[in-house]
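Novice: Provided below: start22.csv, containing CSV, C-alpha atoms and all ligand atoms.
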chain,number,residue,atom,x,y,z
A,91,MET,CA,212.5,-76.7,-73.3
A,92,LYS,CA,214.6,-76.8,-70.1
A,93,LEU,CA,213.3,-75.9,-66.6
A,94,ALA,CA,215.5,-75.6,-63.6
A,95,GLY,CA,215.0,-75.4,-59.8
A,96,MET,CA,217.4,-72.9,-58.3
A,97,ILE,CA,218.4,-72.6,-54.6
A,98,ALA,CA,217.6,-69.2,-53.1
A,99,ALA,CA,219.6,-67.4,-50.4
A,100,ASP,CA,218.2,-67.7,-46.8
A,101,GLU,CA,215.5,-70.1,-48.0
A,102,ASN,CA,214.9,-73.7,-47.1
A,103,ARG,CA,211.8,-74.3,-49.1
A,104,SER,CA,212.0,-76.0,-52.4
A,105,PRO,CA,210.3,-74.6,-55.6
A,106,LEU,CA,209.9,-78.2,-56.9
A,107,THR,CA,209.1,-81.5,-55.4
A,108,PRO,CA,209.6,-84.9,-57.1
A,109,ASP,CA,205.9,-85.0,-57.8
A,110,THR,CA,205.8,-81.6,-59.6
A,111,ALA,CA,209.1,-82.4,-61.4
A,112,LYS,CA,207.3,-85.4,-62.9
A,113,LYS,CA,204.3,-83.3,-64.0
A,114,LEU,CA,206.6,-80.6,-65.5
A,115,LYS,CA,208.3,-83.4,-67.5
A,116,GLY,CA,204.8,-84.3,-68.6
A,117,LEU,CA,204.3,-80.7,-69.9
A,118,GLY,CA,207.4,-81.3,-72.1
A,119,TYR,CA,210.2,-79.9,-70.0
A,120,ASP,CA,213.6,-81.3,-69.3
A,121,VAL,CA,213.9,-80.8,-65.6
A,122,ALA,CA,217.1,-80.1,-63.7
A,123,ILE,CA,217.7,-79.0,-60.1
A,124,GLU,CA,220.7,-77.7,-58.2
A,125,PRO,CA,222.1,-80.3,-55.7
A,126,GLY,CA,220.5,-80.1,-52.3
A,127,LEU,CA,217.5,-78.0,-53.5
A,128,GLY,CA,215.0,-80.0,-51.5
A,129,ALA,CA,217.3,-81.3,-48.8
A,130,GLU,CA,216.0,-79.1,-45.9
A,131,ALA,CA,212.4,-79.8,-46.9
A,132,GLY,CA,213.0,-83.5,-46.6
A,133,LEU,CA,213.4,-84.1,-50.4
A,134,PRO,CA,216.7,-85.7,-51.1
A,135,ASP,CA,218.4,-85.4,-54.5
A,136,ARG,CA,217.7,-89.1,-55.2
A,137,ALA,CA,214.0,-88.5,-55.0
A,138,PHE,CA,214.3,-86.0,-57.8
A,139,THR,CA,216.5,-88.3,-59.8
A,140,ASP,CA,213.9,-91.1,-59.4
A,141,ALA,CA,211.3,-88.7,-60.7
A,142,GLY,CA,213.4,-88.2,-63.9
A,143,ALA,CA,215.1,-84.9,-63.0
A,144,GLU,CA,218.7,-84.2,-63.5
A,145,VAL,CA,220.7,-83.1,-60.5
A,146,SER,CA,223.5,-80.8,-61.5
A,147,ALA,CA,225.5,-77.7,-60.2
A,148,ASP,CA,224.9,-76.3,-63.7
A,149,ALA,CA,221.1,-76.8,-63.6
A,150,VAL,CA,220.3,-73.2,-64.2
A,151,LYS,CA,222.7,-72.7,-67.1
A,152,GLY,CA,220.7,-72.4,-70.3
A,153,ALA,CA,217.4,-73.1,-68.7
A,154,ASP,CA,214.4,-71.4,-70.4
A,155,VAL,CA,212.4,-71.4,-67.1
A,156,VAL,CA,213.9,-71.1,-63.6
A,157,LEU,CA,211.9,-71.6,-60.5
A,158,VAL,CA,213.0,-70.2,-57.2
A,159,ALA,CA,211.3,-70.3,-53.7
A,160,GLY,CA,212.6,-66.9,-52.5
A,161,PRO,CA,214.4,-63.8,-53.9
A,162,PRO,CA,217.7,-64.8,-55.5
A,163,ASP,CA,220.9,-62.8,-54.6
A,164,GLU,CA,223.2,-61.3,-57.2
A,165,ALA,CA,225.4,-64.3,-57.6
A,166,GLN,CA,222.3,-66.5,-58.2
A,167,LEU,CA,220.8,-64.1,-60.6
A,168,GLY,CA,224.1,-64.1,-62.5
A,169,LYS,CA,223.4,-67.8,-63.4
A,170,VAL,CA,220.1,-67.1,-65.1
A,171,ALA,CA,220.4,-66.8,-68.9
A,172,ARG,CA,219.3,-63.7,-70.8
A,173,GLY,CA,215.8,-64.3,-72.1
A,174,ALA,CA,215.0,-66.9,-69.5
A,175,ARG,CA,211.8,-66.7,-67.4
A,176,LEU,CA,212.3,-66.5,-63.6
A,177,VAL,CA,209.3,-67.6,-61.7
A,178,GLY,CA,209.1,-67.3,-57.9
A,179,VAL,CA,208.5,-65.4,-54.7
A,180,LEU,CA,210.7,-62.4,-55.6
A,181,ASP,CA,209.8,-59.8,-53.0
A,182,PRO,CA,209.8,-56.9,-55.4
A,183,TYR,CA,208.8,-54.2,-52.9
A,184,ASP,CA,211.6,-52.0,-51.6
A,185,ASN,CA,214.1,-53.7,-53.8
A,186,PRO,CA,214.8,-51.3,-56.7
A,187,ASP,CA,218.3,-52.8,-57.2
A,188,ARG,CA,217.0,-56.3,-57.7
A,189,LEU,CA,214.4,-55.1,-60.1
A,190,ALA,CA,217.1,-53.2,-62.1
A,191,ALA,CA,219.3,-56.3,-62.1
A,192,LEU,CA,216.5,-58.4,-63.4
A,193,ALA,CA,215.8,-55.9,-66.2
A,194,HIS,CA,219.5,-55.4,-67.1
A,195,GLY,CA,220.0,-59.2,-67.1
A,196,GLY,CA,217.3,-59.5,-69.7
A,197,ILE,CA,215.4,-61.9,-67.5
A,198,ASP,CA,211.6,-62.0,-67.7
A,199,ALA,CA,210.7,-62.2,-64.1
A,200,PHE,CA,207.3,-63.2,-62.6
A,201,ALA,CA,206.7,-62.5,-58.9
A,202,LEU,CA,203.8,-64.8,-57.9
A,203,GLU,CA,203.1,-62.9,-54.7
A,204,LEU,CA,201.5,-60.2,-57.0
A,205,LEU,CA,198.8,-62.5,-58.4
A,206,PRO,CA,195.4,-61.0,-58.7
A,207,ARG,CA,192.9,-62.6,-56.3
A,208,ILE,CA,190.7,-64.0,-59.0
A,209,THR,CA,189.3,-67.5,-59.1
A,210,ARG,CA,191.4,-68.6,-62.1
A,211,ALA,CA,194.6,-67.7,-60.1
A,212,GLN,CA,193.7,-69.6,-57.0
A,213,ALA,CA,195.8,-72.7,-57.7
A,214,MET,CA,198.9,-70.4,-58.2
A,215,ASP,CA,198.3,-68.2,-55.1
A,216,VAL,CA,201.5,-68.5,-53.2
A,217,LEU,CA,200.4,-65.8,-50.7
A,218,SER,CA,197.4,-67.9,-49.7
A,219,SER,CA,199.1,-71.3,-49.6
A,220,GLN,CA,201.9,-69.9,-47.5
A,221,ALA,CA,199.8,-67.6,-45.2
A,222,ASN,CA,197.6,-70.5,-44.3
A,223,LEU,CA,200.6,-72.5,-43.0
A,224,ALA,CA,202.1,-69.4,-41.3
A,225,GLY,CA,198.8,-68.8,-39.4
A,226,TYR,CA,198.9,-72.4,-38.1
A,227,LYS,CA,202.6,-72.3,-37.2
A,228,ALA,CA,202.3,-68.9,-35.4
A,229,VAL,CA,199.8,-70.5,-33.0
A,230,VAL,CA,201.9,-73.6,-32.5
A,231,ASP,CA,204.9,-71.4,-31.8
A,232,ALA,CA,202.9,-69.3,-29.4
A,233,ALA,CA,201.7,-72.4,-27.6
A,234,SER,CA,205.3,-73.6,-27.1
A,235,HIS,CA,206.4,-70.3,-25.6
A,236,TYR,CA,203.3,-69.8,-23.4
A,237,ARG,CA,204.0,-71.3,-20.1
A,238,ARG,CA,200.4,-72.4,-19.5
A,239,ALA,CA,197.9,-74.6,-21.2
A,240,PHE,CA,195.5,-73.5,-23.9
A,241,PRO,CA,192.4,-75.6,-23.1
A,242,MET,CA,190.2,-75.4,-20.1
A,243,MET,CA,190.8,-78.5,-17.9
A,244,MET,CA,188.6,-79.5,-14.9
A,245,THR,CA,190.6,-81.7,-12.6
A,246,ALA,CA,190.3,-82.8,-9.0
A,247,ALA,CA,193.1,-80.4,-8.2
A,248,GLY,CA,191.2,-77.5,-9.6
A,249,THR,CA,190.2,-75.9,-12.9
A,250,VAL,CA,192.7,-74.6,-15.4
A,251,PRO,CA,191.1,-71.7,-17.3
A,252,PRO,CA,191.3,-71.6,-21.1
A,253,ALA,CA,193.8,-69.3,-22.7
A,254,LYS,CA,192.4,-66.1,-24.3
A,255,ALA,CA,193.8,-65.7,-27.8
A,256,PHE,CA,193.3,-62.6,-30.0
A,257,VAL,CA,194.1,-62.6,-33.7
A,258,MET,CA,194.6,-59.2,-35.4
A,259,GLY,CA,194.0,-59.3,-39.1
A,260,ALA,CA,191.6,-62.0,-40.2
A,261,GLY,CA,192.8,-62.8,-43.7
A,262,VAL,CA,194.1,-66.1,-44.8
A,263,ALA,CA,196.8,-66.4,-42.1
A,264,GLY,CA,194.5,-65.0,-39.4
A,265,LEU,CA,191.6,-67.3,-40.1
A,266,GLN,CA,193.9,-70.3,-39.9
A,267,ALA,CA,195.3,-68.9,-36.7
A,268,ILE,CA,191.8,-68.7,-35.3
A,269,ALA,CA,191.0,-72.2,-36.3
A,270,THR,CA,194.2,-73.6,-34.8
A,271,ALA,CA,193.9,-71.7,-31.5
A,272,ARG,CA,190.3,-73.0,-31.3
A,273,ARG,CA,191.4,-76.6,-31.9
A,274,LEU,CA,193.9,-76.2,-29.1
A,275,GLY,CA,191.1,-75.1,-26.8
A,276,ALA,CA,191.6,-71.3,-26.5
A,277,VAL,CA,188.8,-68.8,-26.3
A,278,VAL,CA,189.4,-66.8,-29.4
A,279,SER,CA,188.6,-63.3,-30.6
A,280,ALA,CA,189.8,-61.5,-33.7
A,281,THR,CA,189.7,-58.1,-35.4
A,282,ASP,CA,190.0,-56.8,-39.0
A,283,VAL,CA,189.1,-53.6,-40.8
A,284,ARG,CA,187.2,-55.5,-43.6
A,285,ALA,CA,183.6,-56.0,-42.7
A,286,ALA,CA,183.5,-59.3,-44.7
A,287,ALA,CA,186.0,-60.8,-42.2
A,288,GLY,CA,183.6,-60.5,-39.4
A,289,GLU,CA,181.3,-63.2,-40.6
A,290,GLN,CA,184.2,-65.5,-41.3
A,291,VAL,CA,185.6,-65.0,-37.8
A,292,GLN,CA,182.3,-65.8,-36.3
A,293,SER,CA,181.8,-68.8,-38.4
A,294,LEU,CA,185.0,-70.2,-36.9
A,295,GLY,CA,183.6,-69.8,-33.4
A,296,ALA,CA,185.6,-66.6,-32.5
A,297,SER,CA,184.2,-63.3,-31.5
A,298,PHE,CA,184.8,-60.2,-33.6
A,299,VAL,CA,186.2,-57.1,-32.0
A,300,PHE,CA,186.0,-53.9,-34.1
A,301,ALA,CA,185.3,-50.2,-34.0
A,302,LYS,CA,182.5,-49.3,-36.3
A,303,GLU,CA,184.3,-46.2,-37.7
A,304,ALA,CA,187.3,-48.2,-38.7
A,305,LEU,CA,185.4,-51.2,-40.2
A,306,GLU,CA,183.4,-49.2,-42.6
A,307,ALA,CA,186.5,-47.4,-44.0
A,308,GLY,CA,188.9,-50.3,-44.2
A,309,GLU,CA,187.5,-52.2,-47.1
A,310,GLY,CA,189.9,-51.5,-50.0
A,311,LYS,CA,190.1,-52.6,-53.6
A,312,GLY,CA,190.2,-56.3,-54.7
A,313,GLY,CA,189.3,-57.7,-51.3
A,314,TYR,CA,192.4,-56.2,-49.7
A,315,ALA,CA,192.5,-53.7,-46.8
A,316,SER,CA,193.2,-50.0,-47.3
A,317,GLU,CA,194.9,-47.6,-44.9
A,318,LEU,CA,192.8,-46.0,-42.2
A,319,THR,CA,192.7,-42.3,-41.5
A,320,PRO,CA,194.2,-41.1,-38.2
A,321,GLU,CA,190.6,-40.8,-36.6
A,322,GLN,CA,189.6,-44.3,-37.7
A,323,GLN,CA,192.9,-45.6,-36.4
A,324,LYS,CA,192.3,-44.0,-33.0
A,325,ALA,CA,188.8,-45.5,-32.6
A,326,GLN,CA,190.1,-48.9,-33.5
A,327,SER,CA,193.2,-48.8,-31.3
A,328,ASP,CA,191.4,-47.5,-28.2
A,329,LEU,CA,189.1,-50.5,-28.4
A,330,VAL,CA,192.0,-52.9,-29.1
A,331,ALA,CA,194.1,-51.4,-26.2
A,332,GLU,CA,191.4,-52.4,-23.7
A,333,HIS,CA,190.9,-55.8,-25.2
A,334,LEU,CA,194.7,-56.5,-25.2
A,335,LYS,CA,195.0,-56.1,-21.4
A,336,LYS,CA,193.0,-59.3,-21.0
A,337,MET,CA,194.8,-61.5,-23.6
A,338,ASP,CA,197.2,-64.3,-23.1
A,339,VAL,CA,198.2,-65.0,-26.7
A,340,VAL,CA,198.1,-62.5,-29.6
A,341,ILE,CA,198.8,-63.3,-33.2
A,342,THR,CA,199.1,-60.2,-35.5
A,343,THR,CA,198.8,-60.7,-39.3
A,344,ALA,CA,197.7,-57.3,-40.6
A,345,LEU,CA,199.1,-56.3,-44.0
A,346,ILE,CA,198.3,-53.7,-46.7
A,347,PRO,CA,199.7,-54.6,-50.1
A,348,GLY,CA,202.6,-52.5,-51.2
A,349,ARG,CA,202.8,-50.5,-47.9
A,350,PRO,CA,204.6,-51.1,-44.6
A,351,ALA,CA,202.6,-53.2,-42.2
A,352,PRO,CA,200.2,-51.1,-40.0
A,353,LYS,CA,201.3,-50.6,-36.4
A,354,LEU,CA,198.5,-52.2,-34.3
A,355,ILE,CA,200.2,-52.7,-30.9
A,356,THR,CA,202.1,-49.7,-29.6
A,357,GLN,CA,204.7,-49.8,-26.9
A,358,ALA,CA,202.2,-48.6,-24.4
A,359,MET,CA,199.7,-51.3,-25.3
A,360,LEU,CA,202.4,-54.0,-25.1
A,361,SER,CA,203.5,-52.7,-21.6
A,362,ALA,CA,199.9,-53.0,-20.4
A,363,MET,CA,199.6,-56.7,-21.4
A,364,LYS,CA,199.5,-59.5,-18.8
A,365,PRO,CA,202.8,-60.9,-17.6
A,366,GLY,CA,203.4,-64.3,-19.2
A,367,SER,CA,201.5,-63.4,-22.4
A,368,VAL,CA,202.9,-64.2,-25.8
A,369,VAL,CA,202.7,-62.1,-29.0
A,370,VAL,CA,203.6,-63.4,-32.5
A,371,ASP,CA,204.0,-60.7,-35.1
A,372,LEU,CA,203.6,-62.4,-38.4
A,373,ALA,CA,204.0,-59.0,-40.2
A,374,ALA,CA,207.6,-58.7,-39.0
A,375,PRO,CA,209.1,-59.2,-42.5
A,376,ARG,CA,207.1,-56.2,-43.7
A,377,GLY,CA,207.9,-53.9,-40.8
A,378,GLY,CA,205.8,-55.5,-38.1
A,379,ASN,CA,202.5,-54.8,-36.4
A,380,VAL,CA,204.0,-54.6,-32.9
A,381,GLU,CA,206.2,-51.9,-31.4
A,382,GLY,CA,208.9,-52.4,-28.8
A,383,GLU,CA,209.3,-54.9,-26.0
A,384,ALA,CA,207.8,-55.3,-22.5
A,385,ASP,CA,209.0,-57.0,-19.4
A,386,GLY,CA,207.3,-60.3,-18.9
A,387,VAL,CA,205.7,-60.4,-22.4
A,388,THR,CA,207.3,-62.6,-25.0
A,389,VAL,CA,207.3,-61.1,-28.5
A,390,LEU,CA,208.2,-63.4,-31.4
A,391,ARG,CA,209.0,-61.7,-34.7
A,392,PRO,CA,209.8,-64.5,-37.1
A,393,ARG,CA,211.5,-63.3,-40.3
A,394,ASN,CA,210.6,-66.5,-42.1
A,395,ILE,CA,208.2,-68.6,-40.1
A,396,LEU,CA,207.8,-71.1,-42.8
A,397,SER,CA,211.4,-72.2,-42.4
A,398,GLY,CA,209.9,-74.2,-39.5
A,399,LEU,CA,207.5,-76.0,-41.9
A,400,PRO,CA,209.6,-76.5,-45.0
A,401,GLY,CA,208.2,-79.8,-46.1
A,402,GLU,CA,204.5,-78.7,-46.3
A,403,ALA,CA,205.4,-75.2,-47.4
A,404,SER,CA,207.4,-76.7,-50.3
A,405,ASN,CA,204.7,-79.0,-51.3
A,406,LEU,CA,202.1,-76.2,-51.7
A,407,LEU,CA,204.6,-73.7,-53.2
A,408,ALA,CA,205.7,-76.3,-55.8
A,409,ARG,CA,202.1,-76.9,-56.8
A,410,ASN,CA,201.5,-73.2,-57.1
A,411,PHE,CA,204.5,-72.9,-59.4
A,412,LEU,CA,203.5,-75.9,-61.4
A,413,SER,CA,200.1,-74.2,-62.1
A,414,PHE,CA,201.7,-71.0,-63.3
A,415,VAL,CA,204.2,-72.8,-65.5
A,416,THR,CA,201.2,-74.7,-67.0
A,417,LEU,CA,199.6,-71.3,-67.8
A,418,ILE,CA,202.7,-70.2,-69.8
A,419,THR,CA,203.3,-73.5,-71.6
A,420,ASP,CA,201.8,-74.6,-74.9
A,421,LYS,CA,202.0,-78.3,-74.4
A,422,GLU,CA,200.8,-79.2,-77.9
A,423,ALA,CA,203.4,-76.9,-79.5
A,424,GLY,CA,206.1,-77.9,-77.0
A,425,ALA,CA,206.8,-74.2,-76.5
A,426,ILE,CA,206.7,-71.5,-73.9
A,427,HIS,CA,203.9,-69.1,-74.6
A,428,VAL,CA,203.5,-66.0,-72.4
A,429,ASP,CA,200.5,-63.9,-73.2
A,430,PRO,CA,201.3,-60.4,-71.9
A,431,GLU,CA,197.6,-59.5,-72.1
A,432,ASP,CA,196.5,-62.3,-69.7
A,433,GLU,CA,195.3,-60.8,-66.5
A,434,ILE,CA,197.4,-63.2,-64.4
A,435,VAL,CA,200.5,-62.5,-66.4
A,436,ARG,CA,200.0,-58.8,-66.3
A,437,GLY,CA,199.5,-59.1,-62.6
A,438,VAL,CA,202.8,-60.8,-61.9
A,439,GLN,CA,205.3,-59.9,-64.7
A,440,LEU,CA,208.0,-57.5,-63.4
A,441,THR,CA,210.3,-57.3,-66.3
A,442,ARG,CA,210.2,-58.1,-70.1
A,443,ASP,CA,212.9,-57.8,-72.7
A,444,GLY,CA,215.1,-55.7,-70.5
A,445,ASP,CA,212.5,-53.3,-69.1
A,446,VAL,CA,210.5,-53.1,-66.0
A,447,VAL,CA,206.9,-53.5,-67.2
A,448,HIS,CA,204.8,-53.9,-64.0
A,449,GLU,CA,202.7,-50.8,-63.5
A,450,ARG,CA,203.3,-50.8,-59.7
A,451,PHE,CA,207.1,-50.5,-60.2
A,452,LEU,CA,207.3,-48.2,-63.2
A,453,GLN,CA,209.3,-45.1,-62.4
A,454,ASN,CA,207.3,-41.9,-63.1
B,501,LIG,P1,196.7,-59.6,-46.3
B,501,LIG,O1,197.7,-60.7,-46.0
B,501,LIG,O2,197.0,-58.6,-47.2
B,501,LIG,O3,196.2,-59.0,-44.9
B,501,LIG,C1,195.9,-59.7,-43.7
B,501,LIG,C2,194.7,-59.2,-43.1
B,501,LIG,O4,195.0,-58.0,-42.3
B,501,LIG,C3,193.6,-58.8,-44.0
B,501,LIG,O5,192.4,-59.5,-43.7
B,501,LIG,C4,193.4,-57.3,-43.8
B,501,LIG,O6,192.1,-56.8,-44.0
B,501,LIG,C5,193.9,-57.1,-42.4
B,501,LIG,N1,194.3,-55.7,-42.0
B,501,LIG,C6,194.9,-54.8,-42.7
B,501,LIG,N2,195.0,-53.6,-41.9
B,501,LIG,C7,194.5,-53.9,-40.7
B,501,LIG,C8,194.3,-53.2,-39.5
B,501,LIG,N3,194.7,-51.9,-39.4
B,501,LIG,N4,193.7,-53.8,-38.5
B,501,LIG,C9,193.2,-55.0,-38.6
B,501,LIG,N5,193.4,-55.8,-39.7
B,501,LIG,C10,194.0,-55.2,-40.7
B,501,LIG,O7,195.3,-60.4,-46.7
B,501,LIG,P2,195.1,-61.8,-47.2
B,501,LIG,O8,195.1,-62.8,-46.1
B,501,LIG,O9,196.1,-62.1,-48.3
B,501,LIG,O10,193.6,-61.8,-47.8
B,501,LIG,C11,192.8,-60.7,-48.0
B,501,LIG,C12,191.5,-61.1,-48.5
B,501,LIG,O11,191.5,-61.7,-49.8
B,501,LIG,C13,190.8,-62.1,-47.6
B,501,LIG,O12,189.4,-61.8,-47.6
B,501,LIG,C14,190.9,-63.4,-48.4
B,501,LIG,O13,189.9,-64.3,-48.1
B,501,LIG,C15,190.8,-62.9,-49.8
B,501,LIG,N6,191.4,-63.8,-50.8
B,501,LIG,C16,190.8,-64.0,-52.0
B,501,LIG,C17,191.3,-64.9,-52.9
B,501,LIG,C18,190.6,-65.2,-54.2
B,501,LIG,O14,191.2,-65.8,-55.0
B,501,LIG,N7,189.4,-64.8,-54.4
B,501,LIG,C19,192.5,-65.5,-52.6
B,501,LIG,C20,193.2,-65.3,-51.4
B,501,LIG,C21,192.6,-64.4,-50.5
Do you think you could lay out the structure here as structure tokens?
Specialist:
Amino acid sequence: MKLAGMIAADENRSPLTPDTAKKLKGLGYDVAIEPGLGAEAGLPDRAFTDAGAEVSADAVKGADVVLVAGPPDEAQLGKVARGARLVGVLDPYDNPDRLAALAHGGIDAFALELLPRITRAQAMDVLSSQANLAGYKAVVDAASHYRRAFPMMMTAAGTVPPAKAFVMGAGVAGLQAIATARRLGAVVSATDVRAAAGEQVQSLGASFVFAKEALEAGEGKGGYASELTPEQQKAQSDLVAEHLKKMDVVITTALIPGRPAPKLITQAMLSAMKPGSVVVDLAAPRGGNVEGEADGVTVLRPRNILSGLPGEASNLLARNFLSFVTLITDKEAGAIHVDPEDEIVRGVQLTRDGDVVHERFLQN
């Protein structure tokens, strides 16, 4: 069995680390990587060679399993053999061409961002591992753009007030953003449409800001949010609009699986914010939570915030991938065994034997 690590376009994270390469060898794989795969994550080729992996420009050729940190482009896909399994963060939404290319290429593709949120899948959960880091980095980036201090400081020259930070969307990224902003000394508040988030927000020492009408309706299936009706949206956004006027730092993280990100901050709300305030829109890659620009307000819309933390992001991602490969490997038999009935496999498998098989992407 051969397993390869492939470089993805516009991606500096690595899908393998020397540590996971060693463990994959232990599962029975010959491991090969494309040269420079981990370079930007601080993992030089020689570290992979020392771990027993081959480093070769032809690594992907003939591989049975190919790992990739981000969606591959056409040229990269062209290297993947018919019948191979491609495992990675494949961004299947809004990409019918890529999906068709995967099917036509006879590649069995597994998009790990579609994992069901069940206990057994936690070790493979790329969304959680990466969102957690993104939440941290968003606050660090906001702090470096904010021209004032986060913590309250009492000095002989006077008192520096604490920054007021507001986190919109208290899922995995949002909760880490709250914790990080608190550690830096900000006074933190947060909002979400899922009632369960309120307790978590408060347990981190932040206050919870919500409109009752929106909260009761926002709890969707499987622990994810669902879309709000126009009336619920209005109740929530009226409350948030008033709150935003007092904020120094805002981190938005709200997402709804399979849908464009909900718009939470309108142009009017942004224009009413304090001069000098900083907004980081972590939902930017999925259309963004924040509309427009405003004089004196810094809005950051990172396309790939984890490119600023490639070392840690790669470590966690590589371990997520290792867990999934373990699931589809029969170590005793020295063979790959994908059980299409397994809830996890069903959740992530996009294509099989030349067809799109994922229910969310089947054409009617
Ligand atoms: P996500 O990235 O899909 O969304 C981020 C947050 O935005 C969510 O909390 C969502 O409720 C919120 N949101 C959506 N619309 C909003 C709006 N209009 N206004 C304000 N907030 C809005 O979510 P996520 O971070 O991936 O996690 C969702 C939930 O799943 C969390 O409760 C998380 O703890 C849980 N989870 C469970 C597991 C598991 O294995 N059991 C694993 C990971 C996450």
Novice: Please indicate the distance in Å from atom CA of Pro252 of chain A to atom CA of Phe240 of chain A, rounded to one decimal place.
Specialist: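 Value for the atom CA of Pro252 of chain A-atom CA of Phe240 of chain A distance: 5.4 Å.
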Novice: Please, which residues in chain A fall within 6 Å of ligand LIG 501 (chain B) when counting only C-alpha atoms and all ligand atoms, and what is the closest atom pair and distance in Å to one decimal for each, ordered by chain then residue number, as a Markdown table?
Specialist:
| residue | atom | partner | partner_atom | distance |
| --- | --- | --- | --- | --- |
| A:Arg207 | CA | B:LIG501 | O14 | 3.8 |
| A:Ile208 | CA | B:LIG501 | O14 | 4.4 |
| A:Thr209 | CA | B:LIG501 | O14 | 4.8 |
| A:Gln212 | CA | B:LIG501 | O14 | 5.0 |
| A:Ser218 | CA | B:LIG501 | C20 | 5.2 |
| A:Met258 | CA | B:LIG501 | C9 | 5.5 |
| A:Gly259 | CA | B:LIG501 | O4 | 3.6 |
| A:Ala260 | CA | B:LIG501 | O5 | 4.4 |
| A:Gly261 | CA | B:LIG501 | O8 | 3.3 |
| A:Val262 | CA | B:LIG501 | O8 | 3.7 |
| A:Ala263 | CA | B:LIG501 | O8 | 5.6 |
| A:Thr281 | CA | B:LIG501 | C9 | 5.7 |
| A:Asp282 | CA | B:LIG501 | N5 | 3.6 |
| A:Val283 | CA | B:LIG501 | C9 | 4.9 |
| A:Arg284 | CA | B:LIG501 | O6 | 5.1 |
| A:Gly313 | CA | B:LIG501 | O11 | 4.8 |
| A:Tyr314 | CA | B:LIG501 | C11 | 4.8 |
| A:Ala315 | CA | B:LIG501 | O6 | 4.2 |
| A:Thr343 | CA | B:LIG501 | C1 | 5.4 |
| A:Ala344 | CA | B:LIG501 | O4 | 3.3 |
| A:Leu345 | CA | B:LIG501 | O3 | 4.1 |
| A:Ile346 | CA | B:LIG501 | O2 | 5.1 |
| A:Pro347 | CA | B:LIG501 | O2 | 5.6 |
| A:Pro352 | CA | B:LIG501 | N3 | 5.6 |
Novice: What is the atom CA of Pro400 of chain A-atom CA of Ala159 of chain A distance in Å, reported with one decimal?
Specialist: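 For atom CA of Pro400 of chain A relative to atom CA of Ala159 of chain A, the distance reads 10.8 Å.
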Novice: Applying 6 Å and only C-alpha atoms, which residues near Thr356 of chain A remain after dropping the ones on its own chain fewer than 2 positions away? List them as a list in words.
Specialist: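 That gives Ala358, Met359 and Glu381 of chain A.
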Novice: Between A:Asp429, A:Asp163, A:Asp120, A:Asp215, which one has atoms that come closest to Ser413 of chain A, using all atoms listed in the file?
Specialist: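 Checking each candidate against Ser413 of chain A, we get A:Asp215 as the closest.
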Novice: So that I can check the surroundings of Ala131 of chain A, please list as a PDB file with C-alpha atoms, keeping the file's coordinate frame every protein, DNA and RNA residue that reaches within 7 Å of it, counting only C-alpha atoms and ignoring chain neighbours fewer than 2 positions away.
Specialist:
ATOM      1  CA  ASN A 102     214.900 -73.700 -47.100  1.00  0.00           C
ATOM      2  CA  ARG A 103     211.800 -74.300 -49.100  1.00  0.00           C
ATOM      3  CA  SER A 104     212.000 -76.000 -52.400  1.00  0.00           C
ATOM      4  CA  GLY A 128     215.000 -80.000 -51.500  1.00  0.00           C
ATOM      5  CA  ALA A 129     217.300 -81.300 -48.800  1.00  0.00           C
ATOM      6  CA  LEU A 133     213.400 -84.100 -50.400  1.00  0.00           C
ATOM      7  CA  PRO A 400     209.600 -76.500 -45.000  1.00  0.00           C
ATOM      8  CA  GLY A 401     208.200 -79.800 -46.100  1.00  0.00           C
ATOM      9  CA  SER A 404     207.400 -76.700 -50.300  1.00  0.00           C
TER      10      SER A 404
END
Novice: At a cut-off of 7 Å from (199.7, -58.9, -26.7) in the coordinates of the file, what residues are picked up using all atoms listed in the file, written as a list in words?
Specialist: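 In the file's frame, the residues around the point are Leu334, Met337, Asp338, Val339, Val340, Leu360, Met363, Ser367, Val368 and Val369 of chain A.
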Novice: Can you work out which one of A:Val177, A:Glu433, A:Ala271, A:Gly366 has the shortest atom-to-atom distance to Asp231 of chain A, counting only C-alpha atoms?
Specialist: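 That would be A:Ala271, the residue with the smallest distance to Asp231 of chain A.
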Novice: Under the rule that all atoms listed in the file are counted, which of A:Ala267, A:Val155, A:Ala147, A:Val415 is the nearest residue to Lys92 of chain A?
Specialist: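 Of A:Ala267, A:Val155, A:Ala147, A:Val415, the one nearest Lys92 of chain A, counting all atoms listed in the file, is A:Val155.
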Novice: For Gly398 of chain A, which residue among A:Val257, A:Leu223, A:Glu449, A:Gly378 is the nearest when counting only C-alpha atoms?
Specialist: A:Leu223
Novice: So which residues touch Gly173 of chain A within 9 Å, counting all atoms listed in the file, skipping near sequence neighbours fewer than 3 positions away, as a ChimeraX atom specification?
Specialist: /A:154,170,195-198,442-444
Novice: Would you work out the distance separating atom CA of Val229 of chain A from atom CA of Ile268 of chain A, expressed in Å to one decimal?
Specialist: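 Atom CA of Ile268 of chain A lies at a distance of 8.5 Å from atom CA of Val229 of chain A.
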Novice: Rank A:Ser219, A:Ala98, A:Asn379, A:Leu407 by their smallest atom-to-atom distance to Leu180 of chain A, using all atoms listed in the file, and report the top residue only.
Specialist: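 Among A:Ser219, A:Ala98, A:Asn379, A:Leu407, it is A:Ala98 that comes nearest to Leu180 of chain A.
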Novice: Which residue out of A:Asn222, A:Thr441, A:Ser297, A:Thr416 has the minimum interatomic distance to Lys113 of chain A when all atoms listed in the file are used?
Specialist: A:Thr416
Novice: Got a sec: who's within 10 Å of Lys115 of chain A, counting only C-alpha atoms, leaving out chain neighbours fewer than 4 positions off, as a VMD selection string?
Specialist: chain A and resid 91 to 93 110 to 111 119 to 121 141 to 143
